[in-house]
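Engineer: Once you've had a glance at the structure underneath, I'll fire off some questions.
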Amino acid sequence: MKYRTLGQTDLNVSAICFGPMRSASRQPEDDDKSRRGEQALRYALDCGVNFLHSSYEYGTRWMMERVLKDHPKRGEVHHVIKLPVPDGEDEEQFHPAKFEMRIDEALQDLHAERISVLQWMWRSSPNSDHKRLPLFGRIIEDVSKTFDRLHDKGKVGYLMTYPYTLPCGRLALESGHFAGLIAPFNVLETEFSDLFEDLSSRGLGFMPFRPLYQGVLTDQRADASSLSSDDRCAADSYRKVYKTLGMVRETFGDAIGSSLTAFAVRFALAHPVCSSVIVGLNTVDQVDGLVHALEQPRLPTDIVARVQQATSTSVLAEPSHARSAEKDK
Ligand SMILES: NC(=O)c1ccc[n+]([C@@H]2O[C@H](COP(=O)([O-])OP(=O)(O)OC[C@H]3O[C@@H](n4cnc5c(N)ncnc54)[C@H](OP(=O)(O)O)[C@@H]3O)[C@@H](O)[C@H]2O)c1
């Protein structure tokens with residue numbers, strides 16, 4: 001396993017950050033999916049993964065709790081948790097008590113002494129820039145003060161944010177309150193790479209999530225015509241996605257080589273600002289595939305700009321059209 005420093009933090013994190021969004025049923029159950037997810041998490045820890053993403057919204061922390069409660073590596077694990085405060089229902093008010101409650105709940109669920117990274121998010125209803133840009137200015141000082149207080153108590157390490165959009169990302173960077181950004185970034189969604197140089201020059205980190213576009217960017221799903229009708233990627237909303245993927249495969253065939261999966265995960269880590277990629281892992285084989293893929297050398301950094309340029313004229317030119325049917329909370 002490769003390890004990298006996240007921005008200018010003191011966190012030495014594995015290149016793979018385990019994403020548990022689909023790794024178990026949403027409530028404790030002894031079903032195949034949850035058993036496979038538990039095995040995947042145990043195997044990832046055995047392989048040296050020391051960075052775990054989670055959210056109370058996924059409903060899968062019960063499975064993580066089972067693995068972590070008496071795991072010998074529990075103390076070495078870094079956690080990054082989603083922290084949407086305010087959420088849409090909070091009527092654009094920041095509640096410090098809710099912020100702390102979400103952290104306390106995660107510390108307990110994950111058997112952790114500290115949450116290394118908070119992925120803070122500010123949501124409005126509707127969750128549009130029109131509302132979120134001014135909201136940020138109204139609440140950021142309170143958020144920062146609350147974070148500092150919890151940092152002093154030893155509960156949290158670093159504050160990062162998923163800003164949803166580039167304008168909100170720029171605002172967050174300029175505020176000086178964050179150790180970095182967390183956002184979707186993959187071969188088909190390259191918009192956040194517009195901020196990579198700015199992040200680098202400020203010494204901040206970037207954590208990409210969804211590197212496989214929910215499984216589209218894998219050898220198993222690369223061909224839309226071979227998907228079973230109940231596969232989530234067979235939905236009509238993925239048609240344009242597959243069209244763009246076809247163009248990318250044609251243009252970058254040499255760089256992709258024998259495995260689209262391996263290329264996709266290496267692409268997400270091609271730029272030096274990207275330290276650790278949050279990827280959804282549901283089976284031991286999936287973990288194994290990515291661990292081996294990342295043994296290959298880093299892709300040249302310029303692949304990011306080349307893919308972005310090639311896809312900018314495609315049907316996914318507007319990032320919102322590339323979004324999947326699943327709501328990205
Ligand atoms: N707003 C947010 O903060 C936010 C939003 C979305 C996601 N996330 C985080 O990011 C993580 C990743 O997102 P994601 O799961 O949507 O997208 P992803 O990482 O691009 O795709 C993961 C999916 O790809 C398939 N897969 C994984 N490894 C594979 C391998 N080696 N070979 C073939 N297929 C493989 C699995 O699907 P199957 O098992 O179905 O084949 C898995 O569910 C989530 O778990 C979550 O932690 C955060």
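Residue numbering restarts at 1 for every chain of the structure tokens, chains are lettered A, B, ... in their displayed order, and ligands are numbered from 1 as they appear.
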List all protein, DNA and RNA residues that have any atom at most 8 Å from ligand 1, counting only C-alpha atoms and all ligand atoms, and write the list as number ranges by chain.

Structural biologist: A: 18-23, 53-55, 82, 119, 162, 164, 182-184, 186, 209-221, 232, 261-262, 278-283, 285-290, 328-329

Engineer: Selection from above, C-alpha atoms, as a PDB file, in the first residue's frame, can you write it?

Structural biologist:
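Result file follows (selection-v5.pdb):
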ATOM      1  CA  PHE A  18     -12.389   2.890   2.018  1.00  0.00           C
ATOM      2  CA  GLY A  19     -15.850   4.109   0.986  1.00  0.00           C
ATOM      3  CA  PRO A  20     -18.636   2.090   2.689  1.00  0.00           C
ATOM      4  CA  MET A  21     -21.709   3.629   1.038  1.00  0.00           C
ATOM      5  CA  ARG A  22     -22.861   0.312  -0.490  1.00  0.00           C
ATOM      6  CA  SER A  23     -20.833  -2.098   1.633  1.00  0.00           C
ATOM      7  CA  HIS A  53     -14.762   7.407   4.988  1.00  0.00           C
ATOM      8  CA  SER A  54     -18.203   7.208   6.570  1.00  0.00           C
ATOM      9  CA  SER A  55     -21.497   8.973   7.061  1.00  0.00           C
ATOM     10  CA  LYS A  82     -19.360  13.628   6.278  1.00  0.00           C
ATOM     11  CA  GLN A 119     -15.795  16.647   5.517  1.00  0.00           C
ATOM     12  CA  TYR A 162     -17.122  19.202  -0.070  1.00  0.00           C
ATOM     13  CA  TYR A 164     -20.574  20.840  -4.290  1.00  0.00           C
ATOM     14  CA  ILE A 182     -13.202  16.684  -1.061  1.00  0.00           C
ATOM     15  CA  ALA A 183     -15.225  16.278  -4.271  1.00  0.00           C
ATOM     16  CA  PRO A 184     -16.111  13.897  -7.099  1.00  0.00           C
ATOM     17  CA  ASN A 186     -12.860  10.858 -12.203  1.00  0.00           C
ATOM     18  CA  PHE A 209     -14.427  10.495  -4.426  1.00  0.00           C
ATOM     19  CA  ARG A 210     -16.352   8.352  -6.956  1.00  0.00           C
ATOM     20  CA  PRO A 211     -13.210   7.483  -8.989  1.00  0.00           C
ATOM     21  CA  LEU A 212     -15.034   4.663 -10.809  1.00  0.00           C
ATOM     22  CA  TYR A 213     -18.160   6.690 -11.576  1.00  0.00           C
ATOM     23  CA  GLN A 214     -20.151   4.298  -9.373  1.00  0.00           C
ATOM     24  CA  GLY A 215     -18.768   1.284 -11.221  1.00  0.00           C
ATOM     25  CA  VAL A 216     -19.079   2.521 -14.832  1.00  0.00           C
ATOM     26  CA  LEU A 217     -15.312   2.980 -15.076  1.00  0.00           C
ATOM     27  CA  THR A 218     -14.544  -0.689 -14.497  1.00  0.00           C
ATOM     28  CA  ASP A 219     -13.785  -3.637 -16.740  1.00  0.00           C
ATOM     29  CA  GLN A 220     -16.996  -5.288 -15.511  1.00  0.00           C
ATOM     30  CA  ARG A 221     -19.256  -2.398 -16.600  1.00  0.00           C
ATOM     31  CA  ARG A 232     -27.918   0.523 -11.613  1.00  0.00           C
ATOM     32  CA  THR A 261     -10.539  -0.134 -13.610  1.00  0.00           C
ATOM     33  CA  ALA A 262      -6.813   0.256 -12.983  1.00  0.00           C
ATOM     34  CA  ILE A 278     -12.413   7.581  -1.572  1.00  0.00           C
ATOM     35  CA  VAL A 279     -13.617   4.509  -3.432  1.00  0.00           C
ATOM     36  CA  GLY A 280     -16.623   2.297  -2.794  1.00  0.00           C
ATOM     37  CA  LEU A 281     -15.437  -1.233  -1.960  1.00  0.00           C
ATOM     38  CA  ASN A 282     -17.879  -4.068  -1.425  1.00  0.00           C
ATOM     39  CA  THR A 283     -15.873  -7.272  -1.873  1.00  0.00           C
ATOM     40  CA  ASP A 285     -11.826  -8.982  -4.956  1.00  0.00           C
ATOM     41  CA  GLN A 286     -12.599  -5.300  -5.471  1.00  0.00           C
ATOM     42  CA  VAL A 287     -10.135  -4.312  -2.765  1.00  0.00           C
ATOM     43  CA  ASP A 288      -7.541  -6.660  -4.217  1.00  0.00           C
ATOM     44  CA  GLY A 289      -8.031  -5.269  -7.740  1.00  0.00           C
ATOM     45  CA  LEU A 290      -7.409  -1.690  -6.654  1.00  0.00           C
ATOM     46  CA  ASP A 328     -25.483  12.915  -4.125  1.00  0.00           C
ATOM     47  CA  LYS A 329     -26.342  13.998  -0.654  1.00  0.00           C
TER      48      LYS A 329
END

Engineer: Taking the DSSP secondary structure from the backbone, can you list the residues of range 1-93 of chain A that are strand (DSSP E), as a list of chain:residue names?

Structural biologist: A:Tyr3, A:Arg4, A:Thr5, A:Asn12, A:Val13, A:Ser14, A:Ile16, A:Cys17, A:Phe18, A:Gly19, A:Phe51, A:Leu52, A:His53, A:Ser54, A:His78, A:His79, A:Val80, A:Ile81, A:Lys82, A:Leu83, A:Pro84

Engineer: One decimal, Å: what's the distance from CA of Lys69 in chain A over to CA of Val13 in chain A, could you say?

Structural biologist: 20.7 Å

Engineer: I need the helix (DSSP H, G or I) residues of range 203-328 of chain A per DSSP on the backbone, written as an MDAnalysis selection string.

Structural biologist: chainID A and resid 213:215 224:226 232:234 236:251 253:256 260:268 284:293 302:312 319:322

Engineer: Give me, as an NGL selection string, all polymer residues having an atom no more than 10 Å from Gln308 in chain A, counting only C-alpha atoms and skipping those fewer than 3 positions away in the same chain.

Structural biologist: :A and (186-191 or 193-194 or 302-305 or 311-313 or 317)

Engineer: Take the residues just selected and output them with all heavy atoms as an mmCIF file, in the first residue's frame.

Structural biologist:
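What landed in result.cif:
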data_model
loop_
_atom_site.group_PDB
_atom_site.id
_atom_site.type_symbol
_atom_site.label_atom_id
_atom_site.label_comp_id
_atom_site.auth_asym_id
_atom_site.auth_seq_id
_atom_site.Cartn_x
_atom_site.Cartn_y
_atom_site.Cartn_z
ATOM 1 N N ASN A 186 -13.158 12.086 -11.465
ATOM 2 C CA ASN A 186 -12.860 10.858 -12.203
ATOM 3 C C ASN A 186 -12.757 11.204 -13.681
ATOM 4 O O ASN A 186 -12.920 12.372 -14.061
ATOM 5 C CB ASN A 186 -13.949 9.792 -11.932
ATOM 6 C CG ASN A 186 -15.335 10.284 -12.315
ATOM 7 O OD1 ASN A 186 -15.571 10.674 -13.468
ATOM 8 N ND2 ASN A 186 -16.265 10.326 -11.365
ATOM 9 N N VAL A 187 -12.497 10.204 -14.490
ATOM 10 C CA VAL A 187 -12.284 10.395 -15.924
ATOM 11 C C VAL A 187 -13.442 11.157 -16.584
ATOM 12 O O VAL A 187 -13.243 11.905 -17.549
ATOM 13 C CB VAL A 187 -12.097 9.005 -16.595
ATOM 14 C CG1 VAL A 187 -12.098 9.099 -18.099
ATOM 15 C CG2 VAL A 187 -10.837 8.325 -16.076
ATOM 16 N N LEU A 188 -14.646 10.984 -16.059
ATOM 17 C CA LEU A 188 -15.817 11.611 -16.663
ATOM 18 C C LEU A 188 -16.273 12.875 -15.932
ATOM 19 O O LEU A 188 -17.158 13.572 -16.399
ATOM 20 C CB LEU A 188 -16.983 10.609 -16.702
ATOM 21 C CG LEU A 188 -16.690 9.307 -17.457
ATOM 22 C CD1 LEU A 188 -17.831 8.321 -17.284
ATOM 23 C CD2 LEU A 188 -16.437 9.585 -18.936
ATOM 24 N N GLU A 189 -15.702 13.125 -14.778
ATOM 25 C CA GLU A 189 -16.064 14.318 -13.991
ATOM 26 C C GLU A 189 -14.767 14.997 -13.541
ATOM 27 O O GLU A 189 -14.242 14.705 -12.465
ATOM 28 C CB GLU A 189 -16.862 13.932 -12.741
ATOM 29 C CG GLU A 189 -18.226 13.356 -13.026
ATOM 30 C CD GLU A 189 -18.918 12.910 -11.738
ATOM 31 O OE1 GLU A 189 -18.462 11.928 -11.137
ATOM 32 O OE2 GLU A 189 -19.909 13.543 -11.341
ATOM 33 N N THR A 190 -14.282 15.885 -14.389
ATOM 34 C CA THR A 190 -12.953 16.475 -14.124
ATOM 35 C C THR A 190 -13.047 17.935 -13.669
ATOM 36 O O THR A 190 -12.022 18.590 -13.512
ATOM 37 C CB THR A 190 -12.094 16.417 -15.402
ATOM 38 O OG1 THR A 190 -12.832 17.035 -16.458
ATOM 39 C CG2 THR A 190 -11.721 14.990 -15.769
ATOM 40 N N GLU A 191 -14.257 18.432 -13.444
ATOM 41 C CA GLU A 191 -14.393 19.873 -13.205
ATOM 42 C C GLU A 191 -13.537 20.375 -12.043
ATOM 43 O O GLU A 191 -12.975 21.469 -12.105
ATOM 44 C CB GLU A 191 -15.863 20.250 -12.998
ATOM 45 C CG GLU A 191 -16.476 19.568 -11.809
ATOM 46 C CD GLU A 191 -17.979 19.847 -11.661
ATOM 47 O OE1 GLU A 191 -18.369 21.004 -11.630
ATOM 48 O OE2 GLU A 191 -18.715 18.869 -11.565
ATOM 49 N N SER A 193 -10.709 19.623 -11.150
ATOM 50 C CA SER A 193 -9.267 19.782 -11.433
ATOM 51 C C SER A 193 -8.939 21.242 -11.751
ATOM 52 O O SER A 193 -7.778 21.646 -11.692
ATOM 53 C CB SER A 193 -8.821 18.859 -12.571
ATOM 54 O OG SER A 193 -9.466 19.214 -13.764
ATOM 55 N N ASP A 194 -9.948 22.050 -12.034
ATOM 56 C CA ASP A 194 -9.716 23.497 -12.238
ATOM 57 C C ASP A 194 -9.100 24.136 -10.991
ATOM 58 O O ASP A 194 -8.501 25.204 -11.074
ATOM 59 C CB ASP A 194 -11.034 24.224 -12.545
ATOM 60 C CG ASP A 194 -11.539 23.925 -13.949
ATOM 61 O OD1 ASP A 194 -10.866 23.158 -14.665
ATOM 62 O OD2 ASP A 194 -12.614 24.435 -14.308
ATOM 63 N N ASP A 302 -0.112 15.236 -16.612
ATOM 64 C CA ASP A 302 -0.812 15.920 -17.707
ATOM 65 C C ASP A 302 -1.992 15.120 -18.263
ATOM 66 O O ASP A 302 -2.783 15.629 -19.045
ATOM 67 C CB ASP A 302 0.164 16.325 -18.819
ATOM 68 C CG ASP A 302 0.639 15.135 -19.644
ATOM 69 O OD1 ASP A 302 0.450 13.984 -19.202
ATOM 70 O OD2 ASP A 302 1.198 15.362 -20.739
ATOM 71 N N ILE A 303 -2.142 13.863 -17.817
ATOM 72 C CA ILE A 303 -3.291 13.072 -18.277
ATOM 73 C C ILE A 303 -4.598 13.748 -17.836
ATOM 74 O O ILE A 303 -5.613 13.679 -18.529
ATOM 75 C CB ILE A 303 -3.224 11.609 -17.743
ATOM 76 C CG1 ILE A 303 -4.273 10.726 -18.413
ATOM 77 C CG2 ILE A 303 -3.396 11.541 -16.242
ATOM 78 C CD1 ILE A 303 -3.944 10.266 -19.777
ATOM 79 N N VAL A 304 -4.552 14.426 -16.707
ATOM 80 C CA VAL A 304 -5.771 15.068 -16.182
ATOM 81 C C VAL A 304 -6.244 16.145 -17.162
ATOM 82 O O VAL A 304 -7.411 16.170 -17.585
ATOM 83 C CB VAL A 304 -5.522 15.670 -14.777
ATOM 84 C CG1 VAL A 304 -6.725 16.475 -14.310
ATOM 85 C CG2 VAL A 304 -5.194 14.568 -13.779
ATOM 86 N N ALA A 305 -5.326 17.027 -17.553
ATOM 87 C CA ALA A 305 -5.697 18.116 -18.476
ATOM 88 C C ALA A 305 -6.087 17.553 -19.840
ATOM 89 O O ALA A 305 -7.029 18.051 -20.483
ATOM 90 C CB ALA A 305 -4.520 19.086 -18.614
ATOM 91 N N THR A 311 -12.907 15.678 -23.026
ATOM 92 C CA THR A 311 -14.311 15.505 -22.635
ATOM 93 C C THR A 311 -15.076 16.828 -22.613
ATOM 94 O O THR A 311 -16.299 16.829 -22.526
ATOM 95 C CB THR A 311 -14.435 14.813 -21.252
ATOM 96 O OG1 THR A 311 -13.669 15.557 -20.312
ATOM 97 C CG2 THR A 311 -13.964 13.395 -21.290
ATOM 98 N N SER A 312 -14.358 17.947 -22.709
ATOM 99 C CA SER A 312 -15.053 19.240 -22.622
ATOM 100 C C SER A 312 -15.958 19.477 -23.824
ATOM 101 O O SER A 312 -16.914 20.236 -23.749
ATOM 102 C CB SER A 312 -14.044 20.383 -22.503
ATOM 103 O OG SER A 312 -13.341 20.503 -23.716
ATOM 104 N N THR A 313 -15.680 18.800 -24.920
ATOM 105 C CA THR A 313 -16.531 18.986 -26.101
ATOM 106 C C THR A 313 -17.586 17.886 -26.205
ATOM 107 O O THR A 313 -18.309 17.799 -27.181
ATOM 108 C CB THR A 313 -15.669 18.947 -27.383
ATOM 109 O OG1 THR A 313 -14.914 17.735 -27.350
ATOM 110 C CG2 THR A 313 -14.751 20.144 -27.474
ATOM 111 N N ALA A 317 -20.185 18.098 -21.251
ATOM 112 C CA ALA A 317 -19.560 19.405 -21.063
ATOM 113 C C ALA A 317 -20.139 20.130 -19.860
ATOM 114 O O ALA A 317 -19.439 20.795 -19.124
ATOM 115 C CB ALA A 317 -19.728 20.255 -22.308
#

Engineer: Considering only C-alpha atoms, return as a VMD selection string whatever protein or nucleic-acid residues lie within 8 Å of Trp62 in chain A, sequence-local ones (same chain, fewer than 3 positions apart) excluded.

Structural biologist: chain A and resid 27 to 28 59 65 to 66 109

Engineer: Which is closer to Leu52 in chain A than all the others in A:Ser34, A:Thr161, A:Ser276, A:Gln108, using only C-alpha atoms?

Structural biologist: A:Ser276

Engineer: Neighbouring residues of range 128-130 of chain A were defined as those with any atom within 8 Å, considering only C-alpha atoms; residues of the same chain fewer than 6 positions away were excluded. Please report them as a list of chain:residue names.

Structural biologist: A:Thr165, A:Pro167, A:Cys168

Engineer: Those same residues - all heavy atoms - I'd like them written as a PDB file, in the first residue's frame.

Structural biologist:
ATOM      1  N   THR A 165     -19.876  22.766  -5.649  1.00  0.00           N
ATOM      2  CA  THR A 165     -19.644  23.418  -6.946  1.00  0.00           C
ATOM      3  C   THR A 165     -18.327  24.189  -6.925  1.00  0.00           C
ATOM      4  O   THR A 165     -17.801  24.525  -5.853  1.00  0.00           O
ATOM      5  CB  THR A 165     -20.777  24.416  -7.257  1.00  0.00           C
ATOM      6  OG1 THR A 165     -20.762  25.429  -6.243  1.00  0.00           O
ATOM      7  CG2 THR A 165     -22.138  23.737  -7.296  1.00  0.00           C
ATOM      8  N   PRO A 167     -17.768  27.433  -7.773  1.00  0.00           N
ATOM      9  CA  PRO A 167     -17.827  28.743  -7.101  1.00  0.00           C
ATOM     10  C   PRO A 167     -17.759  28.614  -5.574  1.00  0.00           C
ATOM     11  O   PRO A 167     -17.069  29.386  -4.916  1.00  0.00           O
ATOM     12  CB  PRO A 167     -19.176  29.320  -7.560  1.00  0.00           C
ATOM     13  CG  PRO A 167     -19.443  28.636  -8.868  1.00  0.00           C
ATOM     14  CD  PRO A 167     -18.875  27.259  -8.742  1.00  0.00           C
ATOM     15  N   CYS A 168     -18.448  27.626  -5.025  1.00  0.00           N
ATOM     16  CA  CYS A 168     -18.376  27.432  -3.569  1.00  0.00           C
ATOM     17  C   CYS A 168     -16.993  26.915  -3.173  1.00  0.00           C
ATOM     18  O   CYS A 168     -16.488  27.246  -2.096  1.00  0.00           O
ATOM     19  CB  CYS A 168     -19.471  26.467  -3.099  1.00  0.00           C
ATOM     20  SG  CYS A 168     -21.117  27.212  -3.140  1.00  0.00           S
TER      21      CYS A 168
END
